[in-house]
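Dropping target.cif in here (mmCIF, C-alpha atoms):
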```cif
data_run
#
loop_
_atom_site.label_atom_id
_atom_site.label_comp_id
_atom_site.auth_asym_id
_atom_site.auth_seq_id
_atom_site.Cartn_x
_atom_site.Cartn_y
_atom_site.Cartn_z
CA MET H 262 0.00 0.00 0.00
CA GLN H 263 1.37 3.39 -1.00
CA ASN H 264 2.13 5.78 1.87
CA THR H 265 0.01 8.92 1.94
CA GLN H 266 2.12 11.90 0.92
CA LYS H 267 2.03 14.90 3.24
CA ILE H 268 2.34 18.04 1.11
CA PHE H 269 2.85 21.66 2.15
CA ILE H 270 2.34 24.41 -0.45
CA SER H 271 2.89 28.13 0.07
CA GLY H 272 1.54 30.39 -2.63
CA ALA H 273 -1.06 27.67 -3.12
CA THR H 274 -3.33 29.80 -5.31
CA SER H 275 -0.66 30.16 -8.02
CA ALA H 276 -1.44 28.34 -11.25
CA ILE H 277 1.68 26.16 -11.02
CA ALA H 278 0.96 25.24 -7.39
CA GLN H 279 -2.62 24.30 -8.23
CA ALA H 280 -1.55 22.13 -11.16
CA PHE H 281 1.00 20.38 -8.95
CA ALA H 282 -1.54 19.78 -6.16
CA ARG H 283 -4.05 18.28 -8.58
CA ARG H 284 -1.51 15.66 -9.65
CA TYR H 285 -1.13 14.47 -6.07
CA ALA H 286 -4.79 14.77 -5.11
CA THR H 287 -5.52 11.77 -7.32
CA GLN H 288 -2.93 9.87 -5.23
CA GLN H 289 -4.94 10.65 -2.06
CA ALA H 290 -2.30 12.98 -0.63
CA CYS H 291 -2.85 15.17 2.44
CA PHE H 292 -2.33 18.91 1.95
CA TYR H 293 -1.61 22.02 3.96
CA LEU H 294 -2.19 25.05 1.74
CA LEU H 295 -0.98 28.56 2.49
CA ALA H 296 -2.00 31.71 0.61
CA ARG H 297 -3.51 35.13 1.21
CA ASP H 298 -6.89 34.76 -0.54
CA GLU H 299 -9.30 32.84 1.70
CA THR H 300 -11.99 32.49 -0.96
CA LYS H 301 -9.59 31.01 -3.52
CA LEU H 302 -8.08 28.71 -0.89
CA GLU H 303 -11.50 27.30 -0.07
CA ALA H 304 -12.26 26.71 -3.76
CA ILE H 305 -8.93 24.92 -4.24
CA LYS H 306 -9.55 22.84 -1.12
CA GLN H 307 -12.91 21.63 -2.40
CA ASP H 308 -11.45 20.88 -5.84
CA LEU H 309 -8.64 18.76 -4.35
CA LEU H 310 -11.04 16.86 -2.11
CA ALA H 311 -13.24 16.15 -5.12
CA ARG H 312 -10.21 14.80 -6.97
CA GLY H 313 -9.37 12.36 -4.17
CA ALA H 314 -7.23 14.20 -1.62
CA SER H 315 -7.38 12.54 1.81
CA GLU H 316 -7.36 15.80 3.74
CA VAL H 317 -6.84 19.48 2.98
CA SER H 318 -6.03 22.10 5.60
CA THR H 319 -5.70 25.77 4.71
CA CYS H 320 -4.12 28.85 6.26
CA CYS H 321 -4.77 32.40 5.09
CA SER H 322 -1.66 34.54 5.44
CA ASP H 323 -0.14 37.55 3.70
CA LEU H 324 3.17 36.25 2.36
CA GLY H 325 4.38 39.78 1.79
CA ALA H 326 4.19 40.64 5.47
CA ALA H 327 6.91 40.34 8.09
CA GLN H 328 5.89 37.51 10.41
CA ASP H 329 7.18 34.43 12.21
CA TYR H 330 7.43 31.99 9.30
CA THR H 331 9.06 29.32 11.47
CA THR H 332 5.95 29.15 13.63
CA LEU H 333 3.82 29.10 10.49
CA VAL H 334 5.73 26.08 9.16
CA ASP H 335 5.64 24.40 12.58
CA THR H 336 1.85 24.74 12.52
CA ALA H 337 1.76 22.98 9.16
CA ILE H 338 4.03 20.21 10.45
CA THR H 339 1.75 19.72 13.46
CA ALA H 340 -1.32 19.53 11.21
CA LEU H 341 0.26 17.04 8.81
CA GLY H 342 2.44 15.10 11.25
CA HIS H 343 5.44 15.70 9.00
CA ILE H 344 6.10 17.08 5.52
CA ASP H 345 7.15 14.83 2.64
CA ILE H 346 6.94 17.41 -0.15
CA ALA H 347 6.95 21.20 0.02
CA VAL H 348 6.35 23.60 -2.84
CA ILE H 349 7.19 27.28 -2.39
CA ALA H 350 5.38 29.07 -5.19
CA GLN H 351 4.34 32.55 -4.06
CA GLY H 352 5.21 35.37 -6.38
CA VAL H 353 4.24 38.77 -7.73
CA MET H 354 5.52 40.54 -10.81
CA PHE H 355 5.03 44.21 -11.56
CA GLU H 356 5.96 45.93 -14.80
CA GLN H 357 9.66 46.81 -14.93
CA ALA H 358 8.96 50.43 -15.90
CA ASP H 359 6.58 50.87 -12.96
CA ALA H 360 9.02 49.33 -10.48
CA GLU H 361 11.78 51.63 -11.74
CA GLN H 362 9.68 54.62 -10.71
CA ASP H 363 8.12 53.23 -7.55
CA ASN H 364 10.42 51.56 -5.03
CA SER H 365 7.44 50.21 -3.11
CA LEU H 366 6.77 47.83 -6.01
CA SER H 367 10.36 46.58 -5.96
CA ARG H 368 10.14 46.12 -2.20
CA LYS H 369 6.90 44.18 -2.54
CA MET H 370 8.44 41.79 -5.06
CA TYR H 371 11.36 41.12 -2.72
CA GLU H 372 9.07 40.65 0.28
CA VAL H 373 6.83 38.13 -1.50
CA ASN H 374 9.15 36.45 -4.01
CA THR H 375 12.30 36.26 -1.91
CA LEU H 376 12.13 37.04 1.80
CA SER H 377 9.05 35.01 2.74
CA ALA H 378 10.18 32.13 0.53
CA ILE H 379 13.64 32.03 2.14
CA GLU H 380 12.27 32.09 5.67
CA ILE H 381 9.81 29.29 4.91
CA ALA H 382 12.54 27.24 3.22
CA ASN H 383 14.87 27.73 6.18
CA ALA H 384 12.27 26.22 8.50
CA LEU H 385 11.60 23.37 6.10
CA GLY H 386 15.33 22.70 5.76
CA ASN H 387 15.60 22.26 9.51
CA HIS H 388 12.64 19.86 9.46
CA TYR H 389 14.15 17.82 6.63
CA LYS H 390 17.55 17.68 8.29
CA GLN H 391 15.98 16.35 11.47
CA ARG H 392 13.94 13.75 9.53
CA ASN H 393 16.76 13.00 7.06
CA SER H 394 14.24 13.10 4.23
CA GLY H 395 11.80 15.28 2.32
CA ALA H 396 11.52 17.10 -0.98
CA LEU H 397 11.40 20.86 -1.47
CA LEU H 398 10.63 22.52 -4.78
CA MET H 399 11.47 26.22 -4.87
CA VAL H 400 9.76 27.90 -7.81
CA SER H 401 12.32 30.38 -9.13
CA SER H 402 12.57 31.52 -12.77
CA VAL H 403 14.88 31.63 -15.76
CA ALA H 404 14.56 35.42 -15.36
CA GLY H 405 17.14 35.15 -12.58
CA ASP H 406 19.87 33.68 -14.78
CA ARG H 407 20.99 37.02 -16.21
CA GLY H 408 19.84 40.56 -15.61
CA ARG H 409 18.04 42.01 -18.63
CA GLN H 410 16.64 45.52 -19.03
CA SER H 411 13.11 44.22 -19.57
CA ASN H 412 12.66 42.60 -16.14
CA TYR H 413 15.84 42.81 -14.05
CA ILE H 414 14.08 43.83 -10.82
CA TYR H 415 11.77 40.80 -10.87
CA GLY H 416 14.66 38.69 -12.17
CA SER H 417 16.89 39.74 -9.29
CA THR H 418 14.30 38.53 -6.77
CA LYS H 419 14.45 35.13 -8.42
CA ALA H 420 18.26 35.16 -8.74
CA ALA H 421 18.53 35.55 -4.97
CA LEU H 422 16.04 32.73 -4.52
CA SER H 423 18.01 30.42 -6.82
CA VAL H 424 21.31 31.03 -5.02
CA PHE H 425 19.65 30.46 -1.65
CA THR H 426 18.11 27.18 -2.84
CA ASP H 427 21.42 26.00 -4.29
CA GLY H 428 23.02 26.68 -0.90
CA LEU H 429 20.27 24.85 0.99
CA ARG H 430 20.75 21.85 -1.30
CA HIS H 431 24.47 21.92 -0.52
CA ARG H 432 23.76 22.16 3.20
CA LEU H 433 21.49 19.10 3.09
CA ALA H 434 23.62 17.10 0.65
CA ALA H 435 24.54 14.56 3.34
CA THR H 436 20.86 13.80 4.00
CA ASN H 437 18.21 12.07 1.92
CA ALA H 438 16.43 15.35 1.27
CA THR H 439 15.80 16.49 -2.31
CA ILE H 440 16.03 20.25 -2.87
CA VAL H 441 15.02 21.38 -6.36
CA THR H 442 15.53 24.83 -7.85
CA VAL H 443 12.65 25.05 -10.35
CA LYS H 444 13.29 27.45 -13.23
CA PRO H 445 10.25 27.79 -15.48
CA GLY H 446 10.41 29.79 -18.67
CA PHE H 447 7.32 31.56 -20.02
CA VAL H 448 4.20 30.11 -18.35
CA ASP H 449 0.61 30.93 -19.30
CA THR H 450 -0.85 32.02 -15.94
CA PRO H 451 -3.06 34.85 -14.69
CA MET H 452 0.13 36.76 -13.78
CA THR H 453 1.17 36.75 -17.46
CA SER H 454 -2.30 37.10 -18.98
CA HIS H 455 -1.47 40.48 -20.56
CA TYR H 456 1.44 39.08 -22.61
CA ASP H 457 1.11 37.79 -26.17
CA LYS H 458 1.70 34.03 -26.18
CA GLY H 459 3.98 32.19 -28.61
CA PRO H 460 5.54 28.75 -29.12
CA LEU H 461 7.89 29.12 -26.12
CA TRP H 462 5.01 29.41 -23.69
CA ALA H 463 4.01 26.43 -21.54
CA GLN H 464 0.93 25.54 -19.53
CA PRO H 465 1.12 25.15 -15.73
CA GLU H 466 0.28 21.47 -16.09
CA LYS H 467 3.51 20.89 -17.99
CA ILE H 468 5.54 22.61 -15.27
CA ALA H 469 3.81 20.52 -12.60
CA GLU H 470 4.51 17.31 -14.52
CA ASP H 471 8.20 18.17 -14.75
CA MET H 472 8.29 19.03 -11.05
CA GLU H 473 6.88 15.65 -10.11
CA LYS H 474 9.49 13.94 -12.30
CA ALA H 475 12.24 16.04 -10.70
CA ILE H 476 11.35 14.64 -7.28
CA ARG H 477 11.53 11.06 -8.54
CA LYS H 478 14.86 11.69 -10.29
CA ARG H 479 16.23 13.73 -7.35
CA LYS H 480 17.21 16.61 -9.61
CA GLY H 481 18.98 19.65 -8.27
CA THR H 482 17.97 22.24 -10.87
CA LEU H 483 14.99 21.90 -13.17
CA TYR H 484 14.62 24.03 -16.28
CA THR H 485 11.07 23.59 -17.53
CA PRO H 486 10.25 23.04 -20.31
CA TRP H 487 13.64 21.43 -20.96
CA PHE H 488 14.72 23.72 -23.81
CA TRP H 489 15.06 26.70 -21.47
CA ARG H 490 18.30 25.27 -20.14
CA TYR H 491 19.86 25.81 -23.57
CA ILE H 492 18.18 29.15 -24.24
CA MET H 493 19.55 30.51 -20.99
CA LEU H 494 22.95 28.95 -21.56
CA ILE H 495 23.20 30.99 -24.76
CA ILE H 496 21.97 34.18 -23.08
CA GLN H 497 24.41 33.76 -20.19
CA HIS H 498 27.35 33.45 -22.56
CA ILE H 499 26.63 36.39 -24.85
CA PRO H 500 29.61 38.74 -24.47
CA GLU H 501 28.78 41.88 -22.52
CA PHE H 502 29.65 44.30 -25.35
CA ILE H 503 27.13 42.50 -27.59
CA PHE H 504 24.57 41.96 -24.83
CA LYS H 505 24.31 45.70 -24.15
CA ARG H 506 23.16 46.27 -27.73
CA LEU H 507 20.32 43.76 -27.53
CA SER H 508 16.71 44.51 -26.59
CA LEU H 509 16.02 41.61 -24.23
#
```
What does this structure look like when you write it as structure tokens?
Amino acid sequence: MQNTQKIFISGATSAIAQAFARRYATQQACFYLLARDETKLEAIKQDLLARGASEVSTCCSDLGAAQDYTTLVDTAITALGHIDIAVIAQGVMFEQADAEQDNSLSRKMYEVNTLSAIEIANALGNHYKQRNSGALLMVSSVAGDRGRQSNYIYGSTKAALSVFTDGLRHRLAATNATIVTVKPGFVDTPMTSHYDKGPLWAQPEKIAEDMEKAIRKRKGTLYTPWFWRYIMLIIQHIPEFIFKRLSL
């Protein structure tokens, strides 16, 4: 008989997080969902239960606010008993031009995308080290691989997140924990609804599928879809004198 997976998700109302949760609901997983919108959380809870989830607990919290995230994670651990899989998926993205003129927007992106995610991951890392097991998927972005004029403020929030997650993976390398830095490319979500979509865009379901595979394969860094690894490799290696002439 398959053990029931205990899954913690912060930023649970994000499209990627929802797609990931649906994959495990059919496996009768237990969930603890964290997000700021109580109405959306309740709708997601009912959807997961209808799909077969064994139990779904929710917590409404503003992930852009300074708070005791260790206690928040401890509450989730108490509710679930332990955590097998954690997904950290909260994120906001404002227009680059707006953030250049309004520092409060830059600050908000760092508070939500980076600071809350790091504090939650720190607490989860301690839990995994104590248990000598667990999987954590940190949803970062290819935008953090190289600063570009079109979105370098948002990208820098994700760059910090990627480096932190790489370090956490190194810290827990002697354990059986799996720490995955997830780097999606363009994803068709409500956050990107105002962008024109092209062949490089992926659906959240594809990202979630790749995330599930990454756990099984114990990957360290996941570019998803796969071709973004090579796109970003090229972008990272463009000489600076050429790069400055490009509109990226």
Reference answer for the PyMOL selection byres ((chain H and resi 409-416) around 10), as number ranges by chain
H: 352-358, 360-361, 366-368, 370-371, 374, 401-408, 417-422, 496, 504-505, 507-509
Which residues would end up in the selection if the PyMOL selection byres ((chain H and resi 441) around 12) were applied here, given that I need the answer as a PyMOL selection string? chain H and resi 346-349+382+395-401+422-431+433-434+438-440+442-444+471-484
Ranking H:Pro465, H:Gly325, H:Gln351, H:Thr287 by minimum distance to H:Ser365 and counting all atoms listed in the file, which one comes first?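 Of the candidates, the smallest distance to H:Ser365 is held by H:Gly325.
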Using the chain letters and numbers from this file, what does the PyMOL selection byres ((chain H and resi 301-315) around 12) select? Give the answer as a short mmCIF file (atom, residue, chain, number, x, y, z; two decimals) with C-alpha atoms, in the frame of the given file.
```cif
data_model
loop_
_atom_site.label_atom_id
_atom_site.label_comp_id
_atom_site.auth_asym_id
_atom_site.auth_seq_id
_atom_site.Cartn_x
_atom_site.Cartn_y
_atom_site.Cartn_z
CA ASN H 264 2.13 5.78 1.87
CA THR H 265 0.01 8.92 1.94
CA GLN H 266 2.12 11.90 0.92
CA LYS H 267 2.03 14.90 3.24
CA ILE H 268 2.34 18.04 1.11
CA ILE H 270 2.34 24.41 -0.45
CA SER H 271 2.89 28.13 0.07
CA GLY H 272 1.54 30.39 -2.63
CA ALA H 273 -1.06 27.67 -3.12
CA THR H 274 -3.33 29.80 -5.31
CA SER H 275 -0.66 30.16 -8.02
CA ALA H 276 -1.44 28.34 -11.25
CA ALA H 278 0.96 25.24 -7.39
CA GLN H 279 -2.62 24.30 -8.23
CA ALA H 280 -1.55 22.13 -11.16
CA PHE H 281 1.00 20.38 -8.95
CA ALA H 282 -1.54 19.78 -6.16
CA ARG H 283 -4.05 18.28 -8.58
CA ARG H 284 -1.51 15.66 -9.65
CA TYR H 285 -1.13 14.47 -6.07
CA ALA H 286 -4.79 14.77 -5.11
CA THR H 287 -5.52 11.77 -7.32
CA GLN H 288 -2.93 9.87 -5.23
CA GLN H 289 -4.94 10.65 -2.06
CA ALA H 290 -2.30 12.98 -0.63
CA CYS H 291 -2.85 15.17 2.44
CA PHE H 292 -2.33 18.91 1.95
CA TYR H 293 -1.61 22.02 3.96
CA LEU H 294 -2.19 25.05 1.74
CA LEU H 295 -0.98 28.56 2.49
CA ALA H 296 -2.00 31.71 0.61
CA ARG H 297 -3.51 35.13 1.21
CA ASP H 298 -6.89 34.76 -0.54
CA GLU H 299 -9.30 32.84 1.70
CA THR H 300 -11.99 32.49 -0.96
CA GLU H 316 -7.36 15.80 3.74
CA VAL H 317 -6.84 19.48 2.98
CA SER H 318 -6.03 22.10 5.60
CA THR H 319 -5.70 25.77 4.71
CA CYS H 320 -4.12 28.85 6.26
CA CYS H 321 -4.77 32.40 5.09
CA SER H 322 -1.66 34.54 5.44
CA LEU H 341 0.26 17.04 8.81
#
```
Taken to one decimal, the atom CA of H:Arg432-atom CA of H:Ser394 distance is 13.2 Å
The distance between atom CA of H:Arg392 and atom CA of H:Ala378 is 20.8 Å
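Across H:Gln497, H:Pro486, H:Val373, H:Lys390, the tightest approach to H:Asp323 is made by H:Val373 when counting all atoms listed in the file.
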*asked:* Just the number, please: distance in Å from atom CA of H:Thr485 to atom CA of H:Ile379, one decimal.
replied: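 Taking atom CA of H:Thr485 as the start and atom CA of H:Ile379 as the end point, the length is 21.6 Å.
If all atoms listed in the file are the atoms counted, then among H:Gly446, H:Gln362, H:Ile468, H:Ile503 the closest residue to H:Tyr491 is H:Gly446.
Residue nearest H:Ala435, chosen from H:Thr453, H:Gln391, H:Gln328, H:Gln464 and counting only C-alpha atoms: H:Gln391.
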